[in-house]
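**Q** protein-v1.txt (compact mmCIF, C-alpha atoms) pasted underneath:
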# COMPACT_ATOMS: atom_id res chain seq x y z
CA MET A 2 0.00 0.00 0.00
CA VAL A 3 1.06 3.55 -0.76
CA ALA A 4 -0.86 5.95 1.50
CA GLY A 5 -0.77 9.72 1.68
CA ARG A 6 -2.83 12.84 1.99
CA SER A 7 -4.45 14.55 -0.97
CA GLY A 8 -2.05 16.13 -3.45
CA THR A 9 1.02 14.14 -2.45
CA GLN A 10 1.80 12.70 -5.90
CA LYS A 11 0.73 9.16 -4.95
CA SER A 12 -0.30 8.35 -8.52
CA GLY A 13 2.89 9.86 -9.95
CA PHE A 14 5.02 7.93 -7.46
CA ALA A 15 3.28 4.64 -8.24
CA LEU A 16 3.57 5.23 -11.99
CA PHE A 17 7.26 6.09 -11.70
CA TRP A 18 7.88 3.06 -9.47
CA VAL A 19 6.35 0.52 -11.84
CA ALA A 20 8.00 2.17 -14.86
CA GLN A 21 11.37 1.74 -13.14
CA MET A 22 10.58 -1.90 -12.44
CA ASN A 23 10.06 -2.37 -16.19
CA LEU A 24 7.90 -5.44 -15.57
CA PRO A 25 4.61 -6.33 -17.30
CA THR A 26 2.12 -4.17 -15.40
CA LEU A 27 -1.65 -3.74 -15.41
CA TYR A 28 -2.56 -0.34 -13.97
CA PHE A 29 -6.18 0.34 -12.95
CA SER A 30 -6.70 4.09 -12.77
CA ALA A 31 -9.83 5.80 -11.53
CA ASP A 32 -7.95 9.00 -10.64
CA MET A 33 -6.25 9.78 -13.96
CA SER A 34 -7.74 10.24 -17.41
CA PRO A 35 -6.16 8.35 -20.33
CA PHE A 36 -4.60 11.59 -21.59
CA THR A 37 -3.15 12.50 -18.18
CA ALA A 38 -1.69 9.02 -17.68
CA SER A 39 -0.20 8.97 -21.19
CA ALA A 40 1.25 12.46 -20.81
CA ARG A 41 2.79 11.61 -17.44
CA LEU A 42 4.30 8.39 -18.71
CA ALA A 43 5.64 10.01 -21.89
CA SER A 44 7.17 12.90 -19.94
CA MET A 45 8.88 10.46 -17.59
CA LEU A 46 10.25 8.28 -20.39
CA THR A 47 11.54 11.17 -22.52
CA ASP A 48 12.60 13.61 -19.77
CA SER A 49 10.16 16.18 -21.13
CA THR A 50 7.62 18.20 -19.20
CA THR A 51 3.97 17.32 -19.56
CA GLU A 52 3.47 20.68 -21.27
CA GLN A 53 6.11 19.72 -23.85
CA VAL A 54 4.37 16.38 -24.38
CA GLU A 55 1.02 18.07 -24.91
CA ALA A 56 2.53 20.58 -27.36
CA GLY A 57 4.34 17.82 -29.24
CA MET A 58 1.20 15.75 -29.61
CA VAL A 59 -0.66 18.78 -30.97
CA ALA A 60 2.19 19.54 -33.40
CA GLY A 61 2.15 15.99 -34.79
CA GLY A 62 4.80 14.62 -37.11
CA ALA A 63 8.22 13.88 -35.62
CA SER A 64 7.31 15.65 -32.38
CA SER A 65 4.41 13.35 -31.59
CA ALA A 66 6.19 10.27 -32.99
CA ARG A 67 8.90 10.62 -30.34
CA PHE A 68 6.37 10.41 -27.54
CA LEU A 69 4.29 7.69 -29.18
CA ASP A 70 7.41 5.54 -29.69
CA ALA A 71 8.29 5.93 -26.00
CA LEU A 72 4.79 4.89 -24.96
CA ALA A 73 4.83 1.92 -27.33
CA ALA A 74 7.97 0.61 -25.63
CA SER A 75 6.41 0.83 -22.17
CA ARG A 76 5.33 -2.40 -20.45
CA ILE A 77 2.46 -0.72 -18.61
CA THR A 78 -1.10 -1.46 -19.72
CA PHE A 79 -3.78 0.89 -18.41
CA SER A 80 -7.41 0.30 -17.55
CA PHE A 81 -9.46 3.43 -16.96
CA GLY A 82 -12.86 3.92 -15.40
CA ALA A 83 -14.57 4.77 -12.15
CA PRO A 84 -15.64 3.11 -10.04
CA ILE A 85 -13.33 0.12 -10.25
CA THR A 86 -15.40 -3.09 -10.16
CA TRP A 87 -14.32 -6.69 -9.70
CA ARG A 88 -16.10 -7.56 -12.94
CA ALA A 89 -13.92 -5.04 -14.78
CA VAL A 90 -10.83 -6.46 -13.06
CA ASP A 91 -11.75 -10.01 -14.15
CA GLU A 92 -12.40 -8.89 -17.73
CA GLU A 93 -9.17 -6.94 -17.97
CA LEU A 94 -7.17 -9.89 -16.60
CA GLU A 95 -8.84 -12.27 -19.05
CA ALA A 96 -8.01 -9.92 -21.91
CA TYR A 97 -4.43 -9.53 -20.66
CA VAL A 98 -3.91 -13.30 -20.48
CA GLU A 99 -5.51 -13.74 -23.91
CA LEU A 100 -3.07 -11.21 -25.37
CA TRP A 101 0.14 -12.12 -23.52
CA ASP A 102 -0.50 -15.72 -22.35
CA ARG A 103 0.47 -14.79 -18.78
CA TYR A 104 -0.66 -12.75 -15.83
CA PRO A 105 0.93 -9.33 -15.31
CA ALA A 106 3.86 -9.28 -12.91
CA VAL A 107 2.52 -6.14 -11.23
CA ILE A 108 -1.05 -4.90 -10.72
CA VAL A 109 -1.78 -1.36 -9.50
CA PHE A 110 -5.11 -0.12 -8.12
CA ASP A 111 -5.43 3.66 -7.99
CA ASN A 112 -7.09 3.85 -5.53
CA LEU A 113 -8.87 1.87 -2.80
CA MET A 114 -11.69 4.38 -2.29
CA ASP A 115 -12.48 4.30 -6.02
CA PHE A 116 -13.64 0.69 -5.83
CA ASP A 117 -17.36 0.29 -6.25
CA GLY A 118 -19.04 0.96 -2.89
CA ALA A 119 -15.77 1.58 -1.04
CA GLU A 120 -15.78 5.39 -1.00
CA SER A 121 -16.79 5.57 2.64
CA ASP A 122 -17.91 2.07 3.63
CA TYR A 123 -15.33 0.45 5.91
CA VAL A 124 -16.82 -3.02 5.47
CA GLN A 125 -16.55 -2.72 1.70
CA GLN A 126 -13.00 -1.40 1.96
CA MET A 127 -12.04 -4.44 4.03
CA ALA A 128 -13.69 -6.67 1.44
CA VAL A 129 -11.62 -4.98 -1.27
CA MET A 130 -8.41 -5.56 0.70
CA SER A 131 -9.32 -9.24 1.10
CA GLY A 132 -10.04 -9.45 -2.63
CA VAL A 133 -6.72 -7.81 -3.43
CA SER A 134 -4.88 -10.33 -1.23
CA GLU A 135 -6.65 -13.21 -2.95
CA LEU A 136 -5.83 -11.74 -6.35
CA ALA A 137 -2.14 -11.58 -5.46
CA ARG A 138 -2.16 -15.23 -4.38
CA ALA A 139 -4.10 -16.39 -7.46
CA THR A 140 -1.98 -14.54 -10.04
CA GLY A 141 1.41 -14.40 -8.34
CA ALA A 142 1.51 -10.69 -9.11
CA THR A 143 2.82 -7.95 -6.87
CA VAL A 144 -0.26 -5.83 -6.14
CA ILE A 145 0.11 -2.16 -5.24
CA ILE A 146 -2.93 -0.31 -3.93
CA LEU A 147 -3.08 3.43 -3.28
CA HIS A 148 -5.05 4.84 -0.37
CA HIS A 149 -5.76 8.12 1.41
CA ALA A 150 -4.66 9.37 4.80
CA SER A 151 -6.73 11.85 6.76
CA ASP A 152 -6.39 15.57 6.05
CA LYS A 153 -8.32 16.48 9.21
CA THR A 154 -6.06 15.27 12.02
CA TRP A 155 -4.07 17.64 14.21
CA GLU A 156 -0.85 16.28 12.65
CA ALA A 157 -2.11 17.02 9.15
CA LYS A 158 -2.74 20.64 10.11
CA SER A 159 0.36 21.24 12.23
CA ASP A 160 2.89 19.36 10.06
CA PRO A 161 1.25 18.84 6.64
CA TRP A 162 4.43 17.85 4.81
CA ALA A 163 5.40 14.98 7.09
CA PRO A 164 4.37 11.44 6.10
CA PRO A 165 1.20 10.49 7.97
CA SER A 166 1.56 7.96 10.75
CA ARG A 167 -0.09 4.57 10.48
CA ASP A 168 -3.07 5.60 12.60
CA GLN A 169 -3.84 8.42 10.16
CA VAL A 170 -4.40 6.06 7.22
CA LYS A 171 -8.14 5.95 6.66
CA GLY A 172 -9.86 2.89 8.08
CA GLY A 173 -6.66 1.51 9.61
CA LEU A 174 -6.25 -0.49 6.41
CA SER A 175 -2.47 -0.07 6.19
CA GLU A 176 -2.11 -2.99 8.62
CA LYS A 177 -3.24 -5.62 6.11
CA PRO A 178 -0.64 -5.41 3.27
CA GLU A 179 2.79 -7.01 3.45
CA LEU A 180 4.31 -3.54 3.07
CA SER A 181 2.72 -0.15 3.69
CA LEU A 182 4.42 3.10 2.73
CA SER A 183 3.40 6.57 3.87
CA VAL A 184 4.33 9.43 1.54
CA ALA A 185 4.36 13.22 1.68
CA LEU A 186 5.55 16.04 -0.57
CA ASP A 187 7.07 19.28 0.73
CA PRO A 188 6.25 21.78 -2.03
CA THR A 189 8.67 24.38 -0.66
CA CYS A 190 11.71 22.30 -1.58
CA MET A 191 10.12 19.41 -3.53
CA GLU A 192 11.36 16.85 -1.01
CA TYR A 193 9.47 13.57 -1.30
CA ARG A 194 9.36 11.73 1.99
CA VAL A 195 8.67 8.00 2.19
CA ALA A 196 8.19 6.16 5.48
CA VAL A 197 7.74 2.42 6.05
CA ILE A 198 4.82 2.28 8.48
CA LYS A 199 4.25 -1.49 8.27
CA GLN A 200 6.45 -4.31 6.97
CA ARG A 201 5.73 -7.93 7.69
CA MET A 202 9.27 -9.18 7.22
CA GLY A 203 11.35 -6.17 8.20
CA PRO A 204 11.68 -2.97 10.24
CA SER A 205 9.03 -0.28 10.21
CA ASP A 206 8.06 2.87 12.07
CA PRO A 207 4.30 3.30 12.60
CA THR A 208 4.87 6.91 13.66
CA ALA A 209 6.42 7.70 10.22
CA ARG A 210 9.02 9.90 11.91
CA ARG A 211 11.82 8.00 10.19
CA TYR A 212 11.64 8.35 6.45
CA ALA A 213 13.73 8.30 3.31
CA VAL A 214 14.01 11.48 1.24
CA MET A 215 13.85 11.80 -2.51
CA TRP A 216 13.28 14.81 -4.73
CA CYS A 217 10.23 15.15 -6.90
CA GLU A 218 9.79 16.69 -10.36
CA PRO A 219 6.01 16.64 -10.83
CA GLU A 220 6.20 18.21 -14.27
CA ARG A 221 8.29 15.24 -15.44
CA THR A 222 6.78 12.61 -13.09
CA ARG A 223 10.27 11.82 -11.86
CA PHE A 224 11.74 11.09 -8.45
CA HIS A 225 15.45 11.40 -7.68
CA ALA A 226 17.67 9.92 -5.00
CA THR A 227 19.63 13.18 -4.90
CA ALA A 228 18.51 16.74 -5.51
CA PRO A 229 18.26 17.32 -9.28
CA ARG A 230 20.56 19.83 -10.91
CA LEU A 231 19.02 23.13 -11.89
CA ARG A 232 17.45 23.10 -15.33
CA PRO A 233 17.38 26.10 -17.66
CA GLY A 234 14.70 28.57 -16.68
CA ARG A 235 14.39 27.35 -13.10
CA THR A 236 15.68 28.78 -9.83
CA SER A 237 16.83 27.07 -6.68
CA THR A 238 13.48 28.00 -5.12
CA ASP A 239 11.68 26.18 -7.93
CA GLU A 240 13.78 23.08 -7.35
Kindly transcribe the structure held in the file into structure tokens.
**A**
Amino acid sequence: MVAGRSGTQKSGFALFWVAQMNLPTLYFSADMSPFTASARLASMLTDSTTEQVEAGMVAGGASSARFLDALAASRITFSFGAPITWRAVDEELEAYVELWDRYPAVIVFDNLMDFDGAESDYVQQMAVMSGVSELARATGATVIILHHASDKTWEAKSDPWAPPSRDQVKGGLSEKPELSLSVALDPTCMEYRVAVIKQRMGPSDPTARRYAVMWCEPERTRFHATAPRLRPGRTSTDE
């Protein structure tokens, strides 16, 4: 599970993560439109901004061909639509197996509260988590599910750019996965903070006070282990 408050680049982080894995991936998106997902993925793969991708697609010719070639080489298959239903999941998996003669190695659900009936129903959310666990066992795939943390806690108001602790994840559902990550973005310096709040086979910190730091480039859907060098037209404040 990847959990975070609203606006913390959860979808971008998940998309970047699976793109770096470069494994056959089936990505269920209820948060992003097809155009947004394609633009984000193309910007990441070509080191262009999403604005440059959009302009290139409008221009056509060699400009659009560059981005289309990058997308064609990607191993990520998207499924769009809200709400996410188990019938749609079954149909997409059947189509994937028909096309590739195998299950995807990675399945992403973006996000838990976009499943049919799970927007605010805790019982339904628990049922989804059980279904996700069963899906992982049946397919052998690594399943990543995105989820929200509360924006209304005292911690969210007093320290909004710190990763939320495990008890701030909505419904307490971060306890079920093998691994639960809590993420936060500091927009003043573009630090991306990732805490391990639950790990079945390793160390974790449910308070999320210990976290790793990366640097985020939202316009390129990229995350860096070290602070990126300044690009033309940007200032240190922008970075």
**Q** For atom CA of Leu180 of chain A and atom CA of Gly82 of chain A, determine how far apart the two atoms are, in Å to one decimal place.
**A** 26.3 Å
**Q** Excluding segment 130-134 of chain A and residues on its chain fewer than 4 positions from it, collect all residues at most 12 Å away from it, counting all atoms listed in the file, and give them as a ChimeraX atom specification.
**A** /A:2,86-87,90-91,108-110,112-114,116,119,123-126,138-148,172-179
**Q** Nearest residue to Ile85 of chain A out of A:Thr51, A:Ser183, A:Ser151, A:Ser30, using only C-alpha atoms?
**A** A:Ser30
**Q** Just the number, please: distance in Å from atom CA of Ala150 of chain A to atom CA of Ala226 of chain A, one decimal.
**A**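 Interatomic distance here is 24.4 Å.
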**Q** May I have the residues within 6 Å of segment 188-193 of chain A as a list of chain:residue names, using only C-alpha atoms and disregarding those fewer than 3 positions away in the same chain?
**A**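 Contacts, with the query itself left out: A:Ala185, A:Val214, A:Met215, A:Trp216, A:Cys217.
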